[in-house]
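Asks: So that you have it, the file is protein00.txt, and it contains compact mmCIF, C-alpha atoms:
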# COMPACT_ATOMS: atom_id res chain seq x y z
CA MET A 1444 117.54 103.70 129.44
CA SER A 1445 118.16 105.99 132.36
CA THR A 1446 119.93 104.65 135.39
CA GLU A 1447 117.19 105.91 137.70
CA ASN A 1448 115.43 102.69 138.36
CA ASP A 1449 112.58 104.00 140.42
CA ILE A 1450 109.63 105.82 139.01
CA SER A 1451 106.82 106.29 141.50
CA GLN A 1452 103.49 104.74 140.65
CA GLU A 1453 101.97 108.18 140.42
CA LEU A 1454 104.57 109.44 138.00
CA PHE A 1455 104.38 106.26 135.99
CA GLU A 1456 100.63 106.58 135.63
CA THR A 1457 100.91 110.22 134.61
CA ILE A 1458 103.47 109.33 131.95
CA GLU A 1459 101.32 106.45 130.79
CA GLY A 1460 98.31 108.73 130.55
CA TYR A 1461 100.35 111.29 128.66
CA LEU A 1462 101.52 108.68 126.18
CA ASN A 1463 98.14 107.08 125.55
CA GLY A 1464 96.33 110.40 125.40
CA SER A 1465 94.09 109.77 128.39
CA LEU A 1466 95.49 112.62 130.50
CA PRO A 1467 92.93 115.42 130.88
CA ASP A 1468 93.86 118.59 128.97
CA SER A 1469 94.75 120.67 132.02
CA GLU A 1470 97.02 117.96 133.41
CA ARG A 1471 98.55 117.36 130.01
CA MET A 1472 99.46 121.02 129.57
CA GLU A 1473 100.94 121.14 133.04
CA PHE A 1474 102.88 117.97 132.32
CA GLU A 1475 104.19 119.32 129.02
CA ARG A 1476 105.40 122.45 130.78
CA GLN A 1477 107.32 120.33 133.24
CA LEU A 1478 108.63 118.14 130.48
CA GLU A 1479 110.16 121.07 128.64
CA ASN A 1480 112.61 121.89 131.42
CA ASP A 1481 113.26 118.50 132.90
CA PRO A 1482 115.68 116.24 131.00
CA THR A 1483 115.25 113.42 133.53
CA LEU A 1484 111.53 113.49 133.00
CA GLN A 1485 112.08 113.52 129.23
CA GLN A 1486 114.25 110.46 129.60
CA ASN A 1487 111.62 108.76 131.77
CA VAL A 1488 108.97 109.41 129.16
CA GLU A 1489 111.20 107.97 126.44
CA ASP A 1490 111.96 104.91 128.56
CA ILE A 1491 108.34 104.17 129.35
CA LYS A 1492 107.39 104.69 125.72
CA THR A 1493 110.02 102.18 124.66
CA LEU A 1494 108.86 99.70 127.28
CA LEU A 1495 105.26 99.92 126.19
CA ILE A 1496 106.08 99.60 122.50
CA GLY A 1497 108.26 96.66 123.49
CA VAL A 1498 105.34 94.97 125.25
CA GLU A 1499 103.07 95.48 122.27
CA SER A 1500 105.77 94.34 119.84
CA ALA A 1501 106.43 91.18 121.81
CA VAL A 1502 102.74 90.30 121.77
CA LEU A 1503 102.54 91.11 118.06
CA GLN A 1504 105.46 88.75 117.38
CA ASP A 1505 103.49 86.07 119.12
CA ARG A 1506 100.38 86.87 117.11
CA MET A 1507 102.31 86.88 113.84
CA GLU A 1508 103.17 83.25 114.40
CA SER A 1509 99.51 82.34 114.45
CA PHE A 1510 98.72 84.66 111.54
CA HIS A 1511 101.37 82.77 109.63
CA GLU A 1512 100.14 79.34 110.67
CA GLU A 1513 96.70 80.38 109.55
CA LEU A 1514 97.66 81.76 106.16
CA PRO A 1515 95.04 80.78 103.59
CA LYS A 1516 96.01 77.38 102.28
CA ASP A 1517 95.95 78.26 98.61
CA ARG A 1518 99.70 78.47 98.96
CA PRO A 1519 100.98 75.69 96.72
CA GLN A 1520 103.83 74.75 99.04
CA ALA A 1521 101.78 74.51 102.21
CA PRO A 1522 100.77 71.01 103.26
CA GLU A 1523 97.08 70.28 103.75
CA PRO A 1524 96.59 69.95 107.50
CA GLN A 1525 93.55 67.69 107.53
CA VAL A 1526 91.76 65.45 105.17
CA GLN A 1527 88.51 67.16 104.63
CA ARG A 1528 86.66 68.72 101.82
CA SER A 1529 86.60 72.32 102.76
CA ARG A 1530 85.57 75.60 101.31
CA ARG A 1531 89.27 76.22 100.75
CA ASN A 1532 88.93 73.95 97.75
CA TRP A 1533 87.08 76.71 96.06
CA TYR A 1534 90.02 79.03 96.40
CA TYR A 1535 92.09 76.84 94.14
CA GLY A 1536 90.14 78.44 91.37
CA PHE A 1537 87.45 77.22 89.07
CA GLY A 1538 89.90 75.16 87.12
CA ILE A 1539 90.43 71.47 86.74
CA ALA A 1540 90.93 70.84 90.44
CA ALA A 1541 87.54 72.21 91.32
CA SER A 1542 85.85 70.31 88.51
CA ILE A 1543 87.45 67.07 89.65
CA ALA A 1544 86.51 67.71 93.25
CA LEU A 1545 82.98 68.45 92.21
CA ALA A 1546 82.78 65.39 89.99
CA ALA A 1547 84.26 63.24 92.74
CA ALA A 1548 81.81 64.63 95.26
CA LEU A 1549 78.97 63.78 92.90
CA TYR A 1550 80.22 60.26 92.24
CA PHE A 1551 81.19 59.32 95.74
CA THR A 1552 78.27 60.81 97.58
CA PRO A 1553 76.03 57.88 98.50
CA LEU A 1554 72.66 57.93 96.79
CA GLY A 1555 69.99 59.67 98.77
CA ASP A 1556 72.51 61.75 100.72
CA ASP A 1557 71.16 65.08 101.74
CA PRO A 1558 72.50 67.99 99.68
CA ASN A 1559 72.63 69.93 102.95
CA GLN A 1560 75.30 67.52 104.15
CA SER A 1561 77.55 68.19 101.18
CA LEU A 1562 77.00 71.90 101.56
CA PHE A 1563 78.02 71.57 105.21
CA GLU A 1564 81.12 69.56 104.33
CA ASN A 1565 82.06 71.99 101.61
CA TYR A 1566 81.92 74.98 103.89
CA PHE A 1567 82.60 73.80 107.39
CA GLU A 1568 86.06 74.47 108.64
CA PRO A 1569 86.62 74.72 112.38
CA ASP A 1570 87.62 78.04 113.86
CA PRO A 1571 91.45 78.07 113.85
CA GLY A 1572 91.54 78.53 117.63
CA LEU A 1573 93.35 80.96 119.87
CA PRO A 1574 97.09 81.52 120.15
CA THR A 1575 98.34 79.36 122.99
CA THR A 1576 101.79 80.62 123.86
CA MET A 1577 100.69 83.37 126.22
CA GLY A 1578 98.47 81.43 128.60
CA SER A 1579 98.82 82.48 132.23
CA THR A 1580 98.65 79.95 135.02
CA ASN A 1581 95.03 80.95 135.63
CA ASP A 1582 93.77 79.60 132.37
CA PHE A 1583 96.47 77.07 131.78
CA ASP A 1584 93.97 74.22 131.55
CA PHE A 1585 91.92 76.08 129.02
CA TYR A 1586 94.93 76.68 126.79
CA GLU A 1587 96.23 73.18 127.22
CA ALA A 1588 92.99 71.92 125.74
CA MET A 1589 93.29 74.57 123.03
CA VAL A 1590 96.50 72.89 121.95
CA ASP A 1591 94.60 69.60 121.52
CA TYR A 1592 91.89 71.47 119.64
CA LYS A 1593 94.40 73.02 117.27
CA LYS A 1594 95.97 69.62 116.67
CA GLY A 1595 92.54 68.39 115.64
CA ASP A 1596 92.05 66.20 118.71
CA TYR A 1597 88.58 67.56 119.40
CA THR A 1598 87.52 64.74 121.69
CA MET A 1599 90.46 65.37 124.01
CA ALA A 1600 89.81 69.12 123.94
CA ILE A 1601 86.15 68.56 124.80
CA THR A 1602 87.03 66.25 127.68
CA LYS A 1603 89.42 68.81 129.17
CA TRP A 1604 87.17 71.79 128.60
CA GLU A 1605 84.09 70.12 130.01
CA ALA A 1606 86.09 69.23 133.12
CA LEU A 1607 86.89 72.87 133.88
CA PRO A 1608 85.22 74.08 137.08
CA GLU A 1609 81.97 76.03 136.86
CA GLY A 1610 82.54 79.74 137.08
CA THR A 1611 85.53 79.63 134.77
CA LYS A 1612 83.22 78.95 131.86
CA GLY A 1613 83.03 82.15 129.86
CA ASP A 1614 81.68 82.79 126.38
CA THR A 1615 84.99 81.88 124.79
CA LEU A 1616 84.91 78.43 126.31
CA THR A 1617 81.27 77.89 125.34
CA TYR A 1618 82.08 78.92 121.81
CA PHE A 1619 85.01 76.55 121.46
CA LEU A 1620 83.09 73.69 123.06
CA GLY A 1621 80.42 74.17 120.45
CA MET A 1622 83.08 74.36 117.78
CA ALA A 1623 84.83 71.19 118.90
CA HIS A 1624 81.54 69.27 118.92
CA LEU A 1625 80.70 70.52 115.47
CA ALA A 1626 84.16 69.54 114.25
CA ASN A 1627 83.39 66.07 115.61
CA ARG A 1628 80.16 66.21 113.57
CA ASN A 1629 78.07 66.17 116.71
CA GLU A 1630 75.79 68.99 115.65
CA THR A 1631 73.19 68.45 118.37
CA LYS A 1632 75.76 68.99 121.11
CA ALA A 1633 77.21 71.90 119.17
CA ILE A 1634 73.82 73.58 119.02
CA SER A 1635 73.35 73.07 122.77
CA TYR A 1636 76.40 75.29 123.30
CA LEU A 1637 76.08 77.73 120.43
CA GLU A 1638 72.36 78.42 120.61
CA PRO A 1639 72.31 79.88 124.16
CA LEU A 1640 75.48 81.81 123.33
CA SER A 1641 73.85 83.39 120.29
CA GLN A 1642 70.96 84.56 122.49
CA LYS A 1643 73.25 86.64 124.66
CA THR A 1644 73.19 90.35 124.00
CA ASN A 1645 76.83 90.85 123.26
CA PRO A 1646 78.70 87.55 123.26
CA ALA A 1647 82.27 87.10 122.19
CA PHE A 1648 82.53 85.92 118.58
CA ALA A 1649 78.96 87.04 117.84
CA ASN A 1650 79.08 86.64 114.06
CA GLU A 1651 81.13 83.47 114.20
CA THR A 1652 78.72 81.93 116.70
CA ARG A 1653 75.78 82.51 114.40
CA TYR A 1654 77.74 81.32 111.38
CA TYR A 1655 78.62 78.01 113.00
CA LEU A 1656 75.19 77.69 114.56
CA GLY A 1657 73.77 78.12 111.06
CA LEU A 1658 76.07 75.38 109.80
CA ALA A 1659 75.04 73.10 112.65
CA TYR A 1660 71.37 73.57 111.74
CA LEU A 1661 72.24 72.91 108.13
CA LYS A 1662 73.83 69.64 109.17
CA GLN A 1663 70.57 68.82 110.99
CA ASP A 1664 68.69 69.59 107.77
CA ASP A 1665 66.93 72.40 109.59
CA VAL A 1666 67.19 74.78 106.66
CA ALA A 1667 64.86 77.43 108.07
CA ASN A 1668 66.95 77.95 111.20
CA ALA A 1669 70.16 77.63 109.21
CA LYS A 1670 69.08 80.46 106.93
CA LYS A 1671 68.03 82.58 109.88
CA GLU A 1672 71.35 82.24 111.68
CA LEU A 1673 73.46 82.61 108.56
CA ALA A 1674 71.66 85.79 107.63
CA ALA A 1675 72.14 87.12 111.15
CA SER A 1676 75.84 86.29 110.98
CA GLY A 1677 76.41 88.14 107.73
CA THR A 1678 79.97 86.84 107.34
CA GLU A 1679 81.31 86.25 103.86
CA GLY A 1680 81.05 82.48 104.26
CA ALA A 1681 77.49 82.76 105.56
CA LEU A 1682 76.41 84.78 102.55
CA LYS A 1683 77.93 82.25 100.16
CA ILE A 1684 76.05 79.38 101.78
CA LEU A 1685 72.86 81.40 101.78
CA ALA A 1686 73.29 82.02 98.08
CA GLU A 1687 73.68 78.27 97.49
CA LEU A 1688 70.70 77.46 99.69
CA ASN A 1689 68.57 79.90 97.77
CA ASP A 1690 69.64 78.53 94.39
CA MET B 780 86.29 112.05 95.75
CA GLY B 781 87.41 108.46 95.30
CA GLU B 782 90.92 109.35 96.31
CA VAL B 783 89.78 111.09 99.46
CA LYS B 784 87.79 108.01 100.40
CA HIS B 785 90.84 105.79 99.87
CA ILE B 786 93.00 108.02 102.03
CA ASP B 787 90.29 107.88 104.67
CA GLN B 788 90.51 104.12 104.51
CA GLN B 789 94.24 104.28 104.99
CA ILE B 790 93.82 106.54 107.99
CA ALA B 791 91.23 104.16 109.39
CA LEU B 792 93.68 101.32 108.78
CA VAL B 793 96.47 103.13 110.60
CA ASN B 794 94.15 103.85 113.52
CA ALA B 795 93.04 100.23 113.67
CA ILE B 796 96.68 99.17 113.82
CA LYS B 797 97.38 101.67 116.55
CA SER B 798 94.61 100.17 118.62
CA ASN B 799 95.84 96.63 117.86
CA ASP B 800 92.69 95.53 116.08
CA GLU B 801 93.62 91.89 115.67
CA ILE B 802 91.32 91.24 112.75
CA VAL B 803 92.85 94.12 110.83
CA LEU B 804 96.40 93.11 111.77
CA LYS B 805 95.78 89.56 110.68
CA LYS B 806 94.24 90.58 107.38
CA LEU B 807 97.04 93.03 106.63
CA TYR B 808 99.59 90.37 107.50
CA GLN B 809 97.99 87.65 105.42
CA ASP B 810 97.06 89.82 102.44
CA ASN B 811 100.58 91.06 101.92
CA TYR B 812 102.70 88.06 102.74
CA ARG B 813 102.52 86.31 99.40
CA LYS B 814 104.03 89.17 97.45
CA VAL B 815 107.03 89.29 99.78
CA GLU B 816 107.39 85.53 99.65
CA VAL B 817 107.48 85.61 95.86
CA HIS B 818 110.08 88.37 95.93
CA VAL B 819 112.35 86.52 98.36
CA LEU B 820 111.97 83.19 96.58
CA LYS B 821 112.77 84.79 93.24
CA ASN B 822 115.86 86.37 94.76
CA LYS B 823 117.77 83.42 96.14
CA GLY B 824 115.79 83.08 99.35
CA THR B 825 113.93 80.26 101.04
CA MET B 826 110.48 80.08 102.58
CA PRO B 827 111.71 80.38 106.18
CA GLN B 828 113.80 83.40 105.16
CA ALA B 829 110.76 84.97 103.52
CA LYS B 830 108.80 84.49 106.71
CA ASP B 831 111.56 85.97 108.90
CA ILE B 832 112.10 88.98 106.68
CA TYR B 833 108.40 89.62 106.40
CA GLN B 834 107.85 89.42 110.15
CA GLU B 835 110.74 91.80 110.77
CA ALA B 836 109.27 94.20 108.25
CA PHE B 837 105.78 93.88 109.65
CA LEU B 838 107.07 94.64 113.13
CA ALA B 839 109.05 97.64 111.87
CA MET B 840 105.96 98.97 110.13
CA TYR B 841 103.93 98.46 113.29
CA GLN B 842 106.46 100.27 115.47
CA ASN B 843 106.71 103.15 113.03
CA ILE B 844 102.96 103.53 113.07
CA LYS B 845 102.95 103.49 116.86
CA GLU B 846 105.54 106.24 116.89
CA ASP B 847 103.75 108.30 114.25
CA LYS B 848 106.62 107.90 111.84
CA PHE B 849 104.32 106.86 109.06
CA THR B 850 101.51 108.90 107.51
CA PRO B 851 99.60 107.50 104.53
CA LYS B 852 99.85 109.58 101.38
CA ASN B 853 97.95 107.47 98.88
CA GLU B 854 95.43 104.68 98.80
CA THR B 855 97.82 101.74 99.01
CA ALA B 856 100.47 103.55 101.01
CA LEU B 857 100.68 101.17 103.92
CA GLN B 858 100.74 98.01 101.82
CA GLY B 859 103.43 99.57 99.63
CA TYR B 860 105.38 100.63 102.68
CA LEU B 861 105.28 97.12 104.10
CA PHE B 862 106.51 95.64 100.85
CA GLN B 863 109.23 98.26 100.57
CA ILE B 864 110.55 97.56 104.06
CA SER B 865 110.56 93.84 103.29
CA LYS B 866 112.42 94.38 100.03
CA ASN B 867 114.98 96.65 101.68
CA LYS B 868 115.55 94.19 104.46
CA TRP B 869 116.05 91.39 101.96
CA THR B 870 118.42 93.51 99.89
CA ASP B 871 120.40 94.28 103.06
CA TYR B 872 120.58 90.59 103.78
CA LEU B 873 121.78 89.75 100.28
CA ARG B 874 124.52 92.35 100.62
CA SER B 875 125.53 91.13 104.05
CA SER B 876 128.70 89.14 104.56
CA ARG B 877 126.67 86.28 106.03
CA PHE B 878 125.01 85.77 102.69
CA LYS B 879 128.08 86.37 100.54
CA LYS B 880 130.12 83.89 102.52
CA THR B 881 127.77 81.03 101.83
CA THR B 882 126.54 81.85 98.38
CA GLN B 883 128.01 82.84 95.09
CA ILE B 884 126.03 85.45 93.31
CA PRO B 885 125.70 84.26 89.72
CA GLU B 886 126.86 86.49 86.93
CA GLY B 887 124.27 88.90 85.66
CA PHE B 888 122.40 88.75 88.93
CA GLN B 889 121.90 92.26 90.12
CA ILE B 890 120.64 93.63 93.36
CA LYS B 891 118.63 96.66 92.50
CA GLU B 892 119.05 99.85 94.45
CA GLU B 893 115.91 100.70 96.34
CA PHE B 894 114.92 104.12 97.51
CA SER B 895 115.60 104.52 101.17
CA LEU B 896 112.87 104.81 103.74
CA ASN B 897 112.62 107.91 105.84
CA GLY B 898 114.65 107.75 108.97
CA GLN B 899 115.21 104.04 108.62
CA GLU B 900 118.89 104.29 109.57
CA ASN B 901 118.48 106.84 112.37
CA ALA B 902 115.95 104.57 113.90
CA GLU B 903 118.56 101.92 114.52
CA GLN B 904 119.31 102.94 118.08
CA ASP B 905 115.64 103.27 118.97
CA SER B 906 114.98 99.85 117.62
CA LYS B 907 117.81 98.39 119.72
CA LYS B 908 116.14 99.73 122.84
CA THR B 909 112.79 98.35 121.77
CA GLU B 910 114.52 95.07 121.01
CA SER B 911 115.77 94.80 124.59
CA ALA B 912 112.32 95.67 125.92
CA ILE B 913 110.87 92.85 123.79
CA HIS B 914 113.54 90.49 125.03
CA ALA B 915 112.94 91.47 128.66
CA PHE B 916 109.18 91.03 128.28
CA LYS B 917 109.68 87.51 127.04
CA GLN B 918 111.69 86.68 130.15
CA MET B 919 108.92 87.76 132.51
CA GLY B 920 106.67 85.42 134.44
CA ASN B 921 103.41 84.37 132.87
CA GLU B 922 101.21 86.42 135.13
CA CYS B 923 102.91 89.72 134.35
CA LYS B 924 103.08 88.85 130.68
CA LYS B 925 99.38 88.12 130.56
CA LEU B 926 98.45 91.22 132.52
CA LEU B 927 100.59 93.54 130.43
CA GLU B 928 99.35 91.93 127.24
CA ILE B 929 95.73 92.38 128.20
CA PHE B 930 96.21 95.96 129.28
CA TYR B 931 98.60 97.29 126.66
CA PHE B 932 97.95 95.10 123.65
CA GLN B 933 94.31 94.16 124.04
CA LYS B 934 93.60 97.60 125.54
CA LYS B 935 91.22 96.21 128.12
CA SER B 936 90.25 98.43 131.03
CA LEU B 937 91.50 97.88 134.57
CA ARG B 938 87.98 96.86 135.48
CA GLU B 939 87.96 94.09 132.90
CA ILE B 940 91.40 92.96 134.01
CA ALA B 941 90.29 92.94 137.63
CA ALA B 942 87.36 90.72 136.67
CA LEU B 943 89.54 88.42 134.60
CA PHE B 944 92.14 87.94 137.32
CA ASP B 945 89.46 87.89 139.98
CA ILE B 946 91.02 90.70 142.02
CA GLY B 947 89.99 94.24 142.93
CA GLU B 948 90.57 97.12 140.54
CA ALA B 949 93.11 98.74 142.87
CA SER B 950 95.10 95.49 143.04
CA ALA B 951 95.03 95.22 139.27
CA ARG B 952 96.41 98.73 139.03
CA ASN B 953 99.17 98.03 141.56
CA LYS B 954 99.98 94.77 139.91
CA LYS B 955 100.34 96.48 136.55
CA TYR B 956 102.73 99.01 138.07
CA ARG B 957 104.78 96.27 139.71
CA CYS B 958 104.99 94.36 136.43
CA ILE B 959 106.21 97.49 134.65
CA GLN B 960 108.81 98.01 137.35
CA LYS B 961 109.95 94.43 136.90
CA LEU B 962 110.15 94.91 133.17
CA ARG B 963 112.20 98.09 133.61
CA ALA B 964 114.56 96.34 135.97
CA LEU B 965 115.01 93.49 133.50
CA VAL B 966 115.79 95.91 130.67
CA LEU B 967 118.27 97.79 132.86
CA SER B 968 120.00 94.61 133.97
CA THR B 969 120.46 93.40 130.41
CA ASN B 970 121.70 96.79 129.24
CA SER B 971 124.25 97.28 132.00
Reformat the file's structure so that it appears as structure tokens.
Replies:
Amino acid sequence: MSTENDISQELFETIEGYLNGSLPDSERMEFERQLENDPTLQQNVEDIKTLLIGVESAVLQDRMESFHEELPKDRPQAPEPQVQRSRRNWYYGFGIAASIALAAALYFTPLGDDPNQSLFENYFEPDPGLPTTMGSTNDFDFYEAMVDYKKGDYTMAITKWEALPEGTKGDTLTYFLGMAHLANRNETKAISYLEPLSQKTNPAFANETRYYLGLAYLKQDDVANAKKELAASGTEGALKILAELND
Amino acid sequence: MGEVKHIDQQIALVNAIKSNDEIVLKKLYQDNYRKVEVHVLKNKGTMPQAKDIYQEAFLAMYQNIKEDKFTPKNETALQGYLFQISKNKWTDYLRSSRFKKTTQIPEGFQIKEEFSLNGQENAEQDSKKTESAIHAFKQMGNECKKLLEIFYFQKKSLREIAALFDIGEASARNKKYRCIQKLRALVLSTNS
């Protein structure tokens, strides 16, 4: 790093624009001309480049932790986080385990139980949630509840999220409120959050919203709406359920 | 034809990584971890070591892509590259004194020579600088961290940031500059 600590805002923004390619051609050419003959400027560019890659790398390190936590659980050494029949079961292969699970499901399902319920239980797995280590003070409360959510304490997460002041409630919050209710098997509440969200033109988590909304309808035995939402979602999971519904 | 399409996919993959597409990053991370884990476990390593080595390798791959030090040449180039960096890093570790001190390598156990990766050694100094930038970033206050993350990692516009922080666009821009200045100062203070 150079010892010159001060780079003016203007120079910084030019360098930034040069590095991310947003500098207009004429300015870029002028800048490159300057750069050729100015070792201090060259050093500044290198320093800023390193800083920016450092920022991105630090965030990536943070993300990698959640990628790792969320590795598909077909890893034999990974502990099962929650007791639930999930679609992950299917990943264990179509071997003995799956046959046993299937047989068990058949035997232990009370008579008269809706096949839609078992389909829901087989496929439903709550959204893994957002990484929580980077929360700023602004949305501290949101992320605090996210920690509860990720621990599986959906009721606590719902209590905290629903207490957040109006105006802070964006699409992300609506989505996770719906998710937490669905994870608590309160599909009516879940729909009350997810349905309006799915009507928005460009909501966050568009496909996920419709996928989970479809599952919520399935849980309500509203197969027509379930099919509609699942088809609109188009995610891999949605297509699998659709295939089973159409069987 | 098929080959061209695959290379196109690789280029698309590299571009997605450059723009920090989190879905792509996550999939790449998760799809390739198991192979590295198996390699490390088969070669005297543990699960936590496999994770550490893999994350180091993933980060190195990411940084090389950001600096245009990697160009895909065949359809699985990037995945192969990631595995190769992981393997090399693990081989380095096995050769290191830290490992030899605590473990006896059984007879007949051989560490295979791997081909070296372009510029991997020359990059050492660069990576030290990046390392101190990463370290400095982690020491920053939450507000700067969040703002820099949203702007540089999530690639959101100043307008979106202004809305998110509930401030004007000009303030967002000034704030970003001040955070960068702080980050620079932190790096300088740790390096001096």
Asks: Return as JSON the box centre and box size in Å, one decimal, for an axis-aligned box around all listed atoms of region 1599-1611 of chain A padded by 4 Å per side.
Replies:
{"center_x": 86.2, "center_y": 72.6, "center_z": 130.5, "size_x": 16.5, "size_y": 22.4, "size_z": 21.1}
Asks: For Asn953 (chain B), work out the shell of residues within 12 Å, counting all atoms listed in the file and skipping chain neighbours fewer than 4 positions away, then give it as an NGL selection string.
Replies: (:A and (1451-1453 or 1455-1456)) or (:B and (923 or 926 or 937 or 940-941 or 946-949 or 957-960))
Asks: In terms of the shortest atom-to-atom distance over all atoms listed in the file, which of A:Leu1661, A:Ser1500, A:Arg1653, A:Glu1672 is closest to Glu835 (chain B)?
Replies: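 The closest residue to Glu835 (chain B) is A:Ser1500.
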Asks: Got a sec to pull out which chain A residues are within 6 Å of chain B, counting all atoms listed in the file, and send them as a ChimeraX atom specification?
Replies: /A:1493-1494,1497,1499,1501,1510,1514,1579
Asks: May I ask for the distance between CA of Tyr1566 (chain A) and CA of Ala1626 (chain A), given in Å to one decimal place?
Replies: 11.9 Å
Asks: Kindly give the distance, in Å, that separates CA of Ala1600 (chain A) and CA of Lys1670 (chain A), rounded to a single decimal.
Replies: 29.1 Å
Asks: Distance CA of Gln828 (chain B)-CA of Asp1505 (chain A), one decimal place?
Replies: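 Calculated distance between CA of Gln828 (chain B) and CA of Asp1505 (chain A) is 17.6 Å.
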Asks: Residues within 9 Å of Glu1651 (chain A), please, as a list in words. Count all atoms listed in the file; anything in the same chain fewer than 6 positions from it doesn't count.
Replies: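 Skipping anything fewer than 6 positions along the chain leaves Asp1570, Tyr1618, Ser1676 and Thr1678 of chain A.
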Asks: Fewer than 3 positions away in the same chain doesn't count, so skip those; otherwise give me all residues within 10 Å of region 785-793 of chain B, counting all atoms listed in the file, as a list in words.
Replies: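 My reading of the contact set: Met780, Gly781, Glu782, Ile796, Lys797, Ser798, Asn799, Asp800, Val803, Leu804, Leu807, Tyr841, Ile844, Lys845, Asp847, Phe849, Thr850, Pro851, Lys852, Asn853, Glu854, Thr855, Ala856, Leu857 and Gln858 of chain B.
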Asks: Contacts of Asn1629 (chain A) at 10 Å or less, counting all atoms listed in the file, minus same-chain residues fewer than 5 places along, as a PDB file with C-alpha atoms, keeping the file's coordinate frame?
Replies:
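Output contents, as saved in out-v1.pdb:
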ATOM      1  CA  GLY A1621      80.420  74.170 120.450  1.00  0.00           C
ATOM      2  CA  MET A1622      83.080  74.360 117.780  1.00  0.00           C
ATOM      3  CA  ALA A1623      84.830  71.190 118.900  1.00  0.00           C
ATOM      4  CA  HIS A1624      81.540  69.270 118.920  1.00  0.00           C
ATOM      5  CA  ILE A1634      73.820  73.580 119.020  1.00  0.00           C
ATOM      6  CA  ALA A1659      75.040  73.100 112.650  1.00  0.00           C
ATOM      7  CA  LYS A1662      73.830  69.640 109.170  1.00  0.00           C
ATOM      8  CA  GLN A1663      70.570  68.820 110.990  1.00  0.00           C
TER       9      GLN A1663
END
Asks: Generate the missing atoms of region 822-835 of chain B up to N, CA and C atoms and report them as a PDB file, in the coordinates of the input.
Replies:
ATOM      1  N   ASN B 822     114.534  85.787  94.559  1.00  0.00           N
ATOM      2  CA  ASN B 822     115.860  86.370  94.760  1.00  0.00           C
ATOM      3  C   ASN B 822     116.700  85.558  95.736  1.00  0.00           C
ATOM      4  N   LYS B 823     116.829  84.287  95.440  1.00  0.00           N
ATOM      5  CA  LYS B 823     117.770  83.420  96.140  1.00  0.00           C
ATOM      6  C   LYS B 823     117.366  83.049  97.557  1.00  0.00           C
ATOM      7  N   GLY B 824     116.174  83.372  97.962  1.00  0.00           N
ATOM      8  CA  GLY B 824     115.790  83.080  99.350  1.00  0.00           C
ATOM      9  C   GLY B 824     114.972  81.812  99.486  1.00  0.00           C
ATOM     10  N   THR B 825     114.742  81.439 100.736  1.00  0.00           N
ATOM     11  CA  THR B 825     113.930  80.260 101.040  1.00  0.00           C
ATOM     12  C   THR B 825     112.642  80.707 101.721  1.00  0.00           C
ATOM     13  N   MET B 826     111.742  79.757 101.894  1.00  0.00           N
ATOM     14  CA  MET B 826     110.480  80.080 102.580  1.00  0.00           C
ATOM     15  C   MET B 826     110.692  80.574 104.015  1.00  0.00           C
ATOM     16  N   PRO B 827     111.509  79.876 104.819  1.00  0.00           N
ATOM     17  CA  PRO B 827     111.710  80.380 106.180  1.00  0.00           C
ATOM     18  C   PRO B 827     112.330  81.778 106.198  1.00  0.00           C
ATOM     19  N   GLN B 828     113.208  82.047 105.225  1.00  0.00           N
ATOM     20  CA  GLN B 828     113.800  83.400 105.160  1.00  0.00           C
ATOM     21  C   GLN B 828     112.731  84.431 104.802  1.00  0.00           C
ATOM     22  N   ALA B 829     111.832  84.045 103.907  1.00  0.00           N
ATOM     23  CA  ALA B 829     110.760  84.970 103.520  1.00  0.00           C
ATOM     24  C   ALA B 829     109.921  85.303 104.732  1.00  0.00           C
ATOM     25  N   LYS B 830     109.618  84.282 105.510  1.00  0.00           N
ATOM     26  CA  LYS B 830     108.800  84.490 106.710  1.00  0.00           C
ATOM     27  C   LYS B 830     109.520  85.421 107.698  1.00  0.00           C
ATOM     28  N   ASP B 831     110.800  85.144 107.946  1.00  0.00           N
ATOM     29  CA  ASP B 831     111.560  85.970 108.900  1.00  0.00           C
ATOM     30  C   ASP B 831     111.630  87.429 108.467  1.00  0.00           C
ATOM     31  N   ILE B 832     111.974  87.619 107.193  1.00  0.00           N
ATOM     32  CA  ILE B 832     112.100  88.980 106.680  1.00  0.00           C
ATOM     33  C   ILE B 832     110.771  89.710 106.768  1.00  0.00           C
ATOM     34  N   TYR B 833     109.715  88.998 106.400  1.00  0.00           N
ATOM     35  CA  TYR B 833     108.400  89.620 106.400  1.00  0.00           C
ATOM     36  C   TYR B 833     107.979  89.996 107.822  1.00  0.00           C
ATOM     37  N   GLN B 834     108.248  89.114 108.764  1.00  0.00           N
ATOM     38  CA  GLN B 834     107.850  89.420 110.150  1.00  0.00           C
ATOM     39  C   GLN B 834     108.659  90.582 110.706  1.00  0.00           C
ATOM     40  N   GLU B 835     109.927  90.646 110.353  1.00  0.00           N
ATOM     41  CA  GLU B 835     110.740  91.800 110.770  1.00  0.00           C
ATOM     42  C   GLU B 835     110.158  93.086 110.197  1.00  0.00           C
TER      43      GLU B 835
END
